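Heads up, target_39.cif below (mmCIF, C-alpha atoms):
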```cif
data_start
#
loop_
_atom_site.label_atom_id
_atom_site.label_comp_id
_atom_site.auth_asym_id
_atom_site.auth_seq_id
_atom_site.Cartn_x
_atom_site.Cartn_y
_atom_site.Cartn_z
CA MET A 234 20.15 5.27 -13.76
CA SER A 235 16.70 5.65 -12.23
CA GLU A 236 16.10 4.84 -8.56
CA HIS A 237 16.03 1.26 -7.32
CA ILE A 238 12.69 -0.55 -7.50
CA ILE A 239 13.19 -2.99 -4.64
CA GLU A 240 9.69 -2.45 -3.22
CA LYS A 241 8.16 -3.57 -6.55
CA LEU A 242 10.24 -6.73 -6.91
CA SER A 243 8.04 -8.77 -4.59
CA ALA A 244 4.92 -8.04 -6.66
CA TYR A 245 6.93 -8.63 -9.86
CA LEU A 246 8.03 -12.04 -8.57
CA ASP A 247 4.37 -12.90 -7.93
CA ASP A 248 3.32 -11.68 -11.38
CA GLU A 249 0.99 -9.14 -9.77
CA LEU A 250 2.12 -5.99 -11.62
CA ASN A 251 0.27 -4.59 -14.61
CA ASN A 252 1.85 -4.71 -18.07
CA ARG A 253 3.29 -1.19 -17.92
CA GLU A 254 4.88 -1.74 -14.51
CA THR A 255 6.16 -5.18 -15.51
CA GLN A 256 7.93 -3.71 -18.55
CA LYS A 257 9.37 -0.94 -16.40
CA VAL A 258 10.72 -3.43 -13.85
CA GLU A 259 12.15 -5.70 -16.56
CA LYS A 260 13.90 -2.79 -18.21
CA HIS A 261 15.31 -1.65 -14.88
CA LEU A 262 16.53 -5.17 -14.02
CA GLU A 263 18.53 -5.29 -17.24
CA ASP A 264 20.57 -2.28 -16.13
CA CYS A 265 20.65 -2.48 -12.34
CA ALA A 266 22.86 -5.11 -10.74
CA ILE A 267 21.64 -4.32 -7.21
CA CYS A 268 17.97 -4.84 -8.05
CA GLN A 269 18.86 -7.92 -10.12
CA GLU A 270 20.66 -9.39 -7.10
CA GLU A 271 17.71 -8.53 -4.86
CA TYR A 272 15.31 -10.20 -7.30
CA GLU A 273 17.42 -13.36 -7.41
CA SER A 274 17.50 -13.49 -3.61
CA LEU A 275 13.69 -13.25 -3.55
CA GLN A 276 13.47 -16.13 -6.02
CA MET A 277 15.84 -18.11 -3.84
CA LEU A 278 13.80 -17.33 -0.74
CA SER A 279 10.69 -18.62 -2.46
CA SER A 280 12.44 -21.88 -3.35
CA LEU A 281 13.76 -22.18 0.21
CA LEU A 282 10.30 -21.79 1.69
CA ALA A 283 9.04 -24.59 -0.51
CA GLU A 284 11.62 -26.87 1.07
CA ALA A 285 9.89 -26.83 4.47
CA PRO A 286 7.63 -29.88 4.21
CA LEU A 287 4.27 -30.45 5.87
CA PRO A 288 3.90 -33.10 8.57
CA ASP A 289 1.64 -36.10 7.97
CA PHE A 290 -1.85 -34.81 8.49
CA PRO A 291 -4.96 -36.98 8.45
CA SER A 292 -6.39 -37.55 4.98
CA PRO A 293 -9.37 -35.39 3.96
CA LYS A 294 -11.70 -38.36 4.59
CA GLU A 295 -10.24 -39.01 8.04
CA PHE A 296 -10.25 -35.32 8.96
CA SER A 297 -13.85 -34.92 7.86
CA ALA A 298 -14.90 -37.99 9.87
CA ASN A 299 -13.16 -36.67 13.01
CA LEU A 300 -14.73 -33.27 12.54
CA ALA A 301 -18.21 -34.74 12.08
CA LEU A 302 -18.04 -36.00 15.68
CA ARG A 303 -17.39 -32.46 16.94
CA LEU A 304 -19.66 -30.58 14.59
CA PRO A 305 -22.57 -29.17 16.58
CA ARG A 306 -26.15 -29.67 15.49
CA LYS A 307 -27.84 -26.45 14.63
CA THR A 308 -31.11 -25.26 13.27
CA VAL A 309 -30.34 -23.06 10.34
CA ALA A 310 -32.98 -20.82 8.92
CA PRO A 311 -31.08 -18.25 6.91
CA GLN A 312 -34.03 -17.39 4.65
CA SER A 313 -36.53 -16.76 7.45
CA SER A 314 -33.99 -14.83 9.53
CA LYS A 315 -33.20 -12.73 6.46
CA ALA A 316 -36.91 -12.07 5.99
CA LEU A 317 -37.14 -11.14 9.66
CA GLU A 318 -34.27 -8.67 9.26
CA ILE A 319 -35.91 -7.13 6.19
CA GLY A 320 -39.15 -6.86 8.17
CA TRP A 321 -37.35 -5.03 10.95
CA TRP A 322 -35.87 -2.55 8.49
CA MET A 323 -39.17 -2.00 6.67
CA ALA A 324 -40.91 -0.24 9.60
CA PRO A 325 -38.44 2.67 10.01
CA ILE A 326 -37.86 2.91 6.26
CA GLY A 327 -41.64 3.14 5.67
CA LEU A 328 -41.98 5.85 8.33
CA LEU A 329 -39.05 7.83 6.95
CA THR A 330 -40.55 7.58 3.45
CA ALA A 331 -43.87 8.93 4.77
CA TRP A 332 -42.01 11.75 6.50
CA ALA A 333 -40.06 12.60 3.36
CA PHE A 334 -43.33 12.58 1.33
CA ILE A 335 -45.10 14.99 3.71
CA ILE A 336 -42.11 17.32 3.87
CA THR A 337 -41.80 17.33 0.07
CA MET A 338 -45.51 18.10 -0.36
CA ASN A 339 -45.18 20.94 2.14
CA TRP A 340 -42.16 22.35 0.33
CA VAL A 341 -43.93 22.22 -3.01
CA GLY A 342 -46.96 23.98 -1.48
CA ASP A 343 -44.75 26.61 0.15
CA MET A 344 -42.78 27.18 -3.05
CA LEU A 345 -45.98 27.64 -5.04
CA GLY A 346 -47.20 30.13 -2.41
CA ALA A 347 -43.89 32.01 -2.52
CA ALA A 348 -43.87 32.03 -6.33
CA ASN A 349 -47.39 33.40 -6.28
CA THR A 350 -46.40 36.14 -3.79
CA PHE A 351 -43.50 37.26 -6.00
CA GLY A 352 -45.68 37.11 -9.09
CA LEU A 353 -43.74 34.29 -10.74
CA VAL A 354 -46.81 32.07 -10.90
CA ASN A 355 -50.45 33.09 -10.85
CA ILE A 356 -52.13 30.43 -8.71
CA THR A 357 -55.54 32.08 -9.27
CA GLU A 358 -55.14 31.54 -13.00
CA ILE A 359 -53.96 27.98 -12.59
CA PHE A 360 -56.44 26.83 -9.97
CA GLY A 361 -59.21 29.35 -10.65
CA THR A 362 -59.20 30.77 -7.13
CA GLY A 363 -56.92 32.31 -4.50
CA ILE A 364 -55.37 29.71 -2.25
CA SER A 365 -53.99 30.19 1.22
CA THR A 366 -50.37 29.04 1.48
CA GLN A 367 -51.22 27.10 4.66
CA ALA A 368 -54.00 25.05 2.99
CA THR A 369 -52.91 24.67 -0.62
CA TRP A 370 -53.79 21.02 -1.16
CA SER A 371 -57.21 21.06 0.51
CA ALA A 372 -58.10 24.25 -1.36
CA THR A 373 -57.02 22.66 -4.63
CA LEU A 374 -59.18 19.60 -3.96
CA SER A 375 -62.13 21.91 -3.15
CA ASN A 376 -61.49 23.75 -6.41
CA PHE A 377 -61.92 20.52 -8.31
CA GLY A 378 -65.21 19.97 -6.44
CA LEU A 379 -63.86 17.09 -4.37
CA LEU A 380 -64.27 18.88 -1.03
CA GLY A 381 -66.82 21.39 0.24
CA GLY A 382 -68.60 22.81 3.28
CA SER A 383 -67.60 21.35 6.62
CA ASN A 384 -65.45 18.70 4.87
CA LEU A 385 -63.29 21.47 3.46
CA GLN A 386 -62.93 23.07 6.91
CA TRP A 387 -61.88 19.74 8.41
CA ALA A 388 -59.49 19.13 5.51
CA GLU A 389 -57.90 22.55 6.03
CA ILE A 390 -57.47 21.92 9.78
CA LEU A 391 -56.03 18.48 9.04
CA GLU A 392 -53.66 19.89 6.41
CA SER A 393 -52.46 22.58 8.75
CA PHE A 394 -51.85 19.93 11.45
CA THR A 395 -50.09 17.69 8.92
CA ARG A 396 -47.81 20.53 7.89
CA THR A 397 -46.64 21.45 11.36
CA THR A 398 -46.97 18.65 13.92
CA VAL A 399 -47.20 15.35 12.03
CA PRO A 400 -43.77 15.48 10.35
CA GLN A 401 -42.11 16.06 13.71
CA ILE A 402 -43.96 13.14 15.32
CA ILE A 403 -43.23 10.81 12.39
CA PHE A 404 -39.56 11.80 12.37
CA GLN A 405 -39.17 11.13 16.10
CA ILE A 406 -40.93 7.75 15.79
CA SER A 407 -38.78 6.85 12.74
CA ILE A 408 -35.55 7.50 14.61
CA ALA A 409 -36.78 5.52 17.62
CA THR A 410 -37.88 2.61 15.39
CA LEU A 411 -34.62 2.70 13.48
CA TYR A 412 -32.68 2.35 16.72
CA LEU A 413 -35.01 -0.40 17.93
CA SER A 414 -34.62 -2.30 14.64
CA TRP A 415 -30.86 -2.04 14.77
CA MET A 416 -30.89 -3.39 18.35
CA ALA A 417 -33.27 -6.22 17.43
CA ILE A 418 -31.15 -7.31 14.43
CA TRP A 419 -27.93 -7.11 16.41
CA TRP A 420 -29.47 -9.22 19.17
CA ALA A 421 -30.90 -11.75 16.67
CA ARG A 422 -27.51 -12.14 14.95
CA HIS A 423 -25.64 -12.66 18.19
CA THR A 424 -28.04 -15.24 19.58
CA ARG A 425 -27.96 -17.11 16.25
CA GLN A 426 -24.17 -17.59 16.34
CA PRO A 427 -23.06 -19.16 19.61
CA THR A 428 -19.34 -19.04 20.33
CA VAL A 429 -17.17 -22.10 19.85
CA GLN A 430 -16.61 -22.27 23.61
CA THR A 431 -20.36 -22.63 24.15
CA VAL A 432 -20.54 -25.27 21.47
CA LYS A 433 -17.71 -27.24 23.01
CA LYS A 434 -19.49 -27.38 26.32
CA ASN A 435 -22.55 -28.73 24.55
CA ILE A 436 -20.70 -31.55 22.81
CA MET B 158 -10.79 -24.02 -10.00
CA THR B 159 -12.93 -24.75 -13.08
CA ILE B 160 -16.34 -23.16 -13.63
CA SER B 161 -18.17 -26.45 -13.07
CA THR B 162 -16.24 -27.02 -9.82
CA GLN B 163 -17.13 -23.48 -8.74
CA ALA B 164 -20.80 -24.07 -9.54
CA ASN B 165 -20.68 -27.34 -7.65
CA GLU B 166 -19.05 -25.64 -4.68
CA SER B 167 -21.61 -22.85 -4.75
CA GLU B 168 -24.37 -25.48 -4.67
CA LEU B 169 -22.69 -27.26 -1.75
CA VAL B 170 -22.39 -23.94 0.13
CA SER B 171 -26.10 -23.19 -0.43
CA LYS B 172 -27.02 -26.63 0.87
CA ALA B 173 -24.73 -26.24 3.89
CA GLN B 174 -26.33 -22.85 4.57
CA ASN B 175 -29.62 -24.68 4.82
CA GLY B 176 -28.14 -27.06 7.38
CA ASP B 177 -27.06 -29.94 5.11
CA ARG B 178 -24.22 -31.63 7.02
CA ASN B 179 -23.32 -33.93 4.13
CA ALA B 180 -22.79 -30.97 1.82
CA TYR B 181 -20.64 -29.33 4.47
CA GLY B 182 -18.67 -32.58 4.86
CA GLU B 183 -17.91 -32.45 1.14
CA LEU B 184 -16.65 -28.87 1.52
CA VAL B 185 -14.51 -29.97 4.46
CA ARG B 186 -12.96 -32.77 2.40
CA THR B 187 -12.19 -30.33 -0.43
CA HIS B 188 -10.54 -27.70 1.76
CA SER B 189 -9.14 -29.62 4.73
CA GLN B 190 -5.60 -29.93 3.37
CA GLY B 191 -5.43 -26.24 2.48
CA VAL B 192 -6.71 -25.18 5.89
CA LEU B 193 -4.33 -27.59 7.66
CA ASN B 194 -1.47 -26.18 5.61
CA VAL B 195 -2.37 -22.58 6.49
CA VAL B 196 -2.83 -23.18 10.21
CA TYR B 197 0.31 -25.32 10.42
CA ARG B 198 2.41 -22.58 8.84
CA MET B 199 0.81 -20.10 11.25
CA CYS B 200 1.24 -22.28 14.40
CA GLY B 201 4.32 -24.31 13.55
CA ASN B 202 3.06 -27.34 15.44
CA SER B 203 1.15 -30.24 13.92
CA ASP B 204 -1.02 -30.98 17.00
CA LEU B 205 -1.96 -27.34 17.41
CA ALA B 206 -2.60 -27.14 13.69
CA GLU B 207 -5.06 -30.04 13.76
CA ASP B 208 -6.94 -28.45 16.67
CA ALA B 209 -6.94 -25.04 15.01
CA ALA B 210 -8.15 -26.54 11.71
CA GLN B 211 -11.03 -28.27 13.50
CA GLU B 212 -11.90 -25.04 15.31
CA ALA B 213 -11.84 -23.21 11.99
CA PHE B 214 -14.26 -25.67 10.38
CA ILE B 215 -16.57 -25.54 13.42
CA GLN B 216 -16.55 -21.74 13.32
CA ALA B 217 -17.21 -21.81 9.58
CA TRP B 218 -20.15 -24.20 10.10
CA LEU B 219 -21.65 -21.91 12.73
CA LYS B 220 -21.17 -18.81 10.60
CA ILE B 221 -21.95 -20.25 7.19
CA SER B 222 -25.38 -18.61 7.02
CA SER B 223 -23.64 -15.21 7.17
CA TYR B 224 -21.30 -16.09 4.25
CA GLN B 225 -22.16 -14.02 1.19
CA LYS B 226 -20.86 -15.19 -2.13
CA LYS B 227 -19.01 -11.94 -2.83
CA ALA B 228 -15.64 -13.48 -1.99
CA SER B 229 -14.73 -17.09 -2.80
CA PHE B 230 -15.59 -19.69 -0.17
CA LYS B 231 -11.89 -20.54 0.09
CA SER B 232 -10.94 -16.93 0.88
CA TRP B 233 -13.68 -16.75 3.50
CA LEU B 234 -12.60 -20.06 5.01
CA TYR B 235 -8.93 -19.07 5.11
CA ARG B 236 -9.80 -15.89 7.00
CA ILE B 237 -11.44 -18.04 9.68
CA ALA B 238 -8.46 -20.43 9.60
CA VAL B 239 -5.91 -17.64 10.12
CA ASN B 240 -7.95 -16.24 13.03
CA ALA B 241 -8.34 -19.73 14.53
CA ALA B 242 -4.57 -20.26 14.36
CA VAL B 243 -3.84 -16.90 16.03
CA ASP B 244 -6.48 -17.61 18.72
CA MET B 245 -5.02 -21.06 19.30
CA LEU B 246 -1.53 -19.62 19.80
CA ARG B 247 -2.94 -17.03 22.20
CA LYS B 248 -4.85 -19.66 24.16
CA GLU B 249 -1.81 -21.88 24.38
CA LYS B 250 0.25 -18.80 25.32
CA ARG B 251 2.88 -20.13 23.01
CA ILE B 252 5.81 -17.80 22.63
CA LEU B 253 6.95 -17.84 19.07
CA PRO B 254 10.63 -17.39 18.36
CA ASN B 255 11.75 -13.85 17.60
CA THR B 256 14.90 -15.00 15.94
CA ILE B 257 16.18 -18.23 14.51
CA GLU B 258 18.63 -18.44 17.41
CA ASP B 259 15.60 -18.83 19.74
CA LEU B 260 14.89 -22.20 18.18
CA ASN B 261 16.13 -25.22 20.11
CA LEU B 262 18.66 -26.30 17.57
CA SER B 263 21.86 -27.93 18.64
CA ASP B 264 23.96 -25.43 16.73
CA SER B 265 22.61 -21.98 15.97
CA ARG B 266 25.05 -21.54 13.10
CA PRO B 267 25.15 -24.91 11.37
CA SER B 268 27.93 -25.76 9.02
CA PRO B 269 27.22 -26.06 5.31
CA GLU B 270 27.47 -29.83 5.67
CA SER B 271 24.88 -29.98 8.40
CA LEU B 272 22.58 -27.72 6.39
CA LEU B 273 22.35 -30.50 3.91
CA ALA B 274 20.36 -32.37 6.49
CA SER B 275 16.98 -31.44 5.11
CA SER B 276 15.12 -31.75 8.41
CA GLU B 277 17.35 -29.17 10.06
CA LYS B 278 17.05 -26.91 7.06
CA ALA B 279 13.27 -27.26 7.16
CA GLU B 280 13.30 -26.50 10.89
CA LEU B 281 15.27 -23.29 10.30
CA ILE B 282 12.86 -22.15 7.62
CA ARG B 283 9.83 -23.04 9.75
CA GLY B 284 11.32 -21.11 12.68
CA ALA B 285 12.06 -18.08 10.53
CA VAL B 286 8.46 -18.02 9.26
CA LEU B 287 7.14 -18.39 12.81
CA SER B 288 9.22 -15.49 14.02
CA LEU B 289 7.41 -13.09 11.67
CA PRO B 290 4.64 -10.87 13.09
CA ASN B 291 1.17 -12.45 12.76
CA ALA B 292 -0.06 -10.00 10.10
CA SER B 293 2.97 -10.45 7.84
CA ARG B 294 3.10 -14.21 8.45
CA ALA B 295 -0.54 -14.63 7.38
CA VAL B 296 0.07 -12.82 4.08
CA LEU B 297 3.27 -14.76 3.40
CA VAL B 298 1.68 -18.13 4.18
CA LEU B 299 -1.34 -17.48 1.95
CA ARG B 300 0.93 -16.42 -0.91
CA GLU B 301 3.91 -18.77 -0.65
CA TYR B 302 2.21 -21.93 0.59
CA GLU B 303 -1.32 -21.61 -0.75
CA GLY B 304 -0.54 -19.64 -3.92
CA LEU B 305 -3.42 -17.20 -3.41
CA SER B 306 -3.46 -14.11 -5.64
CA TYR B 307 -3.14 -10.68 -4.03
CA GLN B 308 -6.87 -10.16 -4.65
CA GLU B 309 -7.72 -13.42 -2.83
CA ILE B 310 -5.41 -12.55 0.05
CA ALA B 311 -7.04 -9.12 0.32
CA GLU B 312 -10.47 -10.78 0.45
CA SER B 313 -9.30 -13.37 2.96
CA LEU B 314 -7.78 -10.92 5.39
CA GLU B 315 -10.14 -8.03 4.59
CA ILE B 316 -7.31 -5.64 3.82
CA PRO B 317 -6.58 -3.50 0.72
CA ILE B 318 -4.35 -4.94 -2.04
CA GLY B 319 -1.78 -2.23 -1.33
CA THR B 320 -1.49 -3.51 2.23
CA VAL B 321 -1.06 -7.08 0.92
CA MET B 322 1.84 -5.86 -1.24
CA SER B 323 3.54 -3.95 1.55
CA ARG B 324 3.08 -6.72 4.15
CA LEU B 325 4.40 -9.35 1.77
CA SER B 326 7.37 -7.24 0.82
CA TYR B 327 8.08 -6.60 4.51
CA ALA B 328 7.71 -10.30 5.39
CA ARG B 329 10.15 -11.32 2.66
CA LYS B 330 12.62 -8.66 3.70
CA LEU B 331 12.50 -9.86 7.31
CA LEU B 332 12.79 -13.50 6.27
CA LYS B 333 15.81 -12.77 4.11
CA GLU B 334 17.48 -11.01 7.02
CA LYS B 335 16.72 -13.93 9.35
CA LEU B 336 17.89 -16.59 6.92
CA GLU B 337 20.74 -14.61 5.40
CA THR B 338 23.52 -15.96 7.60
CA HIS B 339 22.36 -19.54 7.19
CA PHE B 340 21.48 -19.78 3.54
CA PHE B 341 22.19 -16.74 1.43
CA SER B 342 25.88 -16.31 2.21
CA TYR B 343 26.33 -20.07 1.89
CA ALA B 344 24.59 -20.03 -1.47
CA GLU B 345 26.81 -17.22 -2.68
CA VAL B 346 29.93 -19.14 -1.65
CA GLU B 347 28.55 -22.21 -3.35
CA ASN B 348 27.93 -20.25 -6.54
CA VAL B 349 31.48 -18.89 -6.74
#
```

This structure in structure tokens:
Amino acid sequence: MSEHIIEKLSAYLDDELNNRETQKVEKHLEDCAICQEEYESLQMLSSLLAEAPLPDFPSPKEFSANLALRLPRKTVAPQSSKALEIGWWMAPIGLLTAWAFIITMNWVGDMLGAANTFGLVNITEIFGTGISTQATWSATLSNFGLLGGSNLQWAEILESFTRTTVPQIIFQISIATLYLSWMAIWWARHTRQPTVQTVKKNI
Amino acid sequence: MTISTQANESELVSKAQNGDRNAYGELVRTHSQGVLNVVYRMCGNSDLAEDAAQEAFIQAWLKISSYQKKASFKSWLYRIAVNAAVDMLRKEKRILPNTIEDLNLSDSRPSPESLLASSEKAELIRGAVLSLPNASRAVLVLREYEGLSYQEIAESLEIPIGTVMSRLSYARKLLKEKLETHFFSYAEVENV
């Protein structure tokens, strides 16, 4: 005979086993006197527990009326507080998105430069001119006639700055804002839900 | 619970979340007996149970804006009720019996005749349930007295279904051991 299934009998009694397990338990109970006895004792226990009656509690109407006297008044604004929480999350998420965008653009530029160096892609053929890997996007815009002269120089300086310094600054600010938002939401949630002890004092 | 009752309850919860006290009162009337039942089985004292039930409903009112309709309102409410009962016992520093013999019964091993006295029998069962550890007692009470499914118990107590199964099995095993000398041997003799 297979091993006893005592640990499954409780779930079987509560009809919480799946079909396969139920069939397995039923088959085992037919053959195993020990498990059958255990199952009967669990059934008996369940009937015994039902024999412990409840005392006379107040009716739902009475209970509700008594509770109404103790129920604190509160100003509930779940929608606006939810909007406030979303607002707090939006700032760091927006900054992190901007950071991810700049980094991605830089990677794409770098990869194009690297591909060009190894001869996998001919940037000159694609864009019509040689492009420095440190100023790919501004050079591309100039190639399409959108930038020129001193504007192009400024754009190249700005792009170089954006590649190196800006992502670091944005990342640092994002982390700081994320922490600040988390603190602000935590504080807002805890001030919104006073403890029962505080409420009792106010009654 | 029927679909229309569920929809109605969901509407009442939404209103209560917006501060509607009448809607909350309706929810209290619907669930008061269930909550009283749970906290009484957890505390074992009717006065304590009434206090704990009131605390539970006050807590629920204060926290209702944080209730998300992922779990049923009943499951969410019963979680608060179980915690309120445990807190109440802690506050009262009530020492629950470890064994049935710790109960103040006139005779710790009643005769079969005296067991027929239903109040004494009920007292023994109540004491045995109270002597279970809090975690096992909560699972047993929600299953045996409130008829919650394992899924609902898991939602109520925020534990995995596997833990519900093992705690329930453990609680029943302990209860059988505690009640064995009083009921099971007697029943076997009776059945012969």

Env of Tyr307 of chain B: 8 Å cut, atoms = all atoms listed in the file, seq-sep filter 3 positions within chain, self excluded. Answer as a list in words.
Glu249 of chain A; Arg300, Ile310, Ala311, Ile318, Val321 and Met322 of chain B

Quick one, how far is atom CA of Arg247 of chain B from atom CA of Phe296 of chain A?
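Computing the Euclidean distance for atom CA of Arg247 of chain B and atom CA of Phe296 of chain A yields 23.7 Å.
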
Pull out every residue of chain B that has at least one atom within 6 Å of chain A, counting all atoms listed in the file, and report them as a count of residues only.
7

Give the answer as one residue: which of B:Val170, B:Leu193, B:Val296, B:Cys200 has the shortest atom-to-atom distance to Ala242 of chain B, using only C-alpha atoms?
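Distance minimum relative to Ala242 of chain B lands on B:Cys200.
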
Quick one: which residues end up in the PyMOL selection byres ((chain B and resi 233-237) around 8) for this structure, as an mmCIF file with C-alpha atoms, keeping the file's coordinate frame?
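Contents of the output file out04.cif:
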```
data_model
loop_
_atom_site.group_PDB
_atom_site.id
_atom_site.type_symbol
_atom_site.label_atom_id
_atom_site.label_comp_id
_atom_site.auth_asym_id
_atom_site.auth_seq_id
_atom_site.Cartn_x
_atom_site.Cartn_y
_atom_site.Cartn_z
ATOM 1 C CA VAL B 192 -6.710 -25.180 5.890
ATOM 2 C CA VAL B 195 -2.370 -22.580 6.490
ATOM 3 C CA ALA B 213 -11.840 -23.210 11.990
ATOM 4 C CA PHE B 214 -14.260 -25.670 10.380
ATOM 5 C CA GLN B 216 -16.550 -21.740 13.320
ATOM 6 C CA ALA B 217 -17.210 -21.810 9.580
ATOM 7 C CA TYR B 224 -21.300 -16.090 4.250
ATOM 8 C CA ALA B 228 -15.640 -13.480 -1.990
ATOM 9 C CA SER B 229 -14.730 -17.090 -2.800
ATOM 10 C CA PHE B 230 -15.590 -19.690 -0.170
ATOM 11 C CA LYS B 231 -11.890 -20.540 0.090
ATOM 12 C CA SER B 232 -10.940 -16.930 0.880
ATOM 13 C CA ALA B 238 -8.460 -20.430 9.600
ATOM 14 C CA VAL B 239 -5.910 -17.640 10.120
ATOM 15 C CA ASN B 240 -7.950 -16.240 13.030
ATOM 16 C CA ALA B 241 -8.340 -19.730 14.530
ATOM 17 C CA GLU B 312 -10.470 -10.780 0.450
ATOM 18 C CA SER B 313 -9.300 -13.370 2.960
ATOM 19 C CA LEU B 314 -7.780 -10.920 5.390
#
```

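The space between atom CA of Gln211 of chain B and atom CA of Thr187 of chain B spans 14.1 Å.
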
At what distance in Å, to one decimal, does atom CA of Ile336 of chain A lie from atom CA of Ala372 of chain A?
18.2 Å

For the structure provided, state which residues fall under the PyMOL selection byres ((chain A and resi 406) around 12), and present them as an mmCIF file with C-alpha atoms, in the frame of the given file.
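Final file, result29.cif:
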```cif
data_model
loop_
_atom_site.group_PDB
_atom_site.id
_atom_site.type_symbol
_atom_site.label_atom_id
_atom_site.label_comp_id
_atom_site.auth_asym_id
_atom_site.auth_seq_id
_atom_site.Cartn_x
_atom_site.Cartn_y
_atom_site.Cartn_z
ATOM 1 C CA ALA A 324 -40.910 -0.240 9.600
ATOM 2 C CA PRO A 325 -38.440 2.670 10.010
ATOM 3 C CA ILE A 326 -37.860 2.910 6.260
ATOM 4 C CA GLY A 327 -41.640 3.140 5.670
ATOM 5 C CA LEU A 328 -41.980 5.850 8.330
ATOM 6 C CA LEU A 329 -39.050 7.830 6.950
ATOM 7 C CA ALA A 331 -43.870 8.930 4.770
ATOM 8 C CA TRP A 332 -42.010 11.750 6.500
ATOM 9 C CA VAL A 399 -47.200 15.350 12.030
ATOM 10 C CA PRO A 400 -43.770 15.480 10.350
ATOM 11 C CA GLN A 401 -42.110 16.060 13.710
ATOM 12 C CA ILE A 402 -43.960 13.140 15.320
ATOM 13 C CA ILE A 403 -43.230 10.810 12.390
ATOM 14 C CA PHE A 404 -39.560 11.800 12.370
ATOM 15 C CA GLN A 405 -39.170 11.130 16.100
ATOM 16 C CA SER A 407 -38.780 6.850 12.740
ATOM 17 C CA ILE A 408 -35.550 7.500 14.610
ATOM 18 C CA ALA A 409 -36.780 5.520 17.620
ATOM 19 C CA THR A 410 -37.880 2.610 15.390
ATOM 20 C CA LEU A 411 -34.620 2.700 13.480
ATOM 21 C CA TYR A 412 -32.680 2.350 16.720
ATOM 22 C CA LEU A 413 -35.010 -0.400 17.930
ATOM 23 C CA SER A 414 -34.620 -2.300 14.640
#
```

Go through A:Leu302, A:Leu246, A:Ile335, A:Leu380 one by one, measure the shortest atom-to-atom distance of each to Gly182 of chain B using only C-alpha atoms, and give the residue with the smallest value.
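The closest residue to Gly182 of chain B is A:Leu302.
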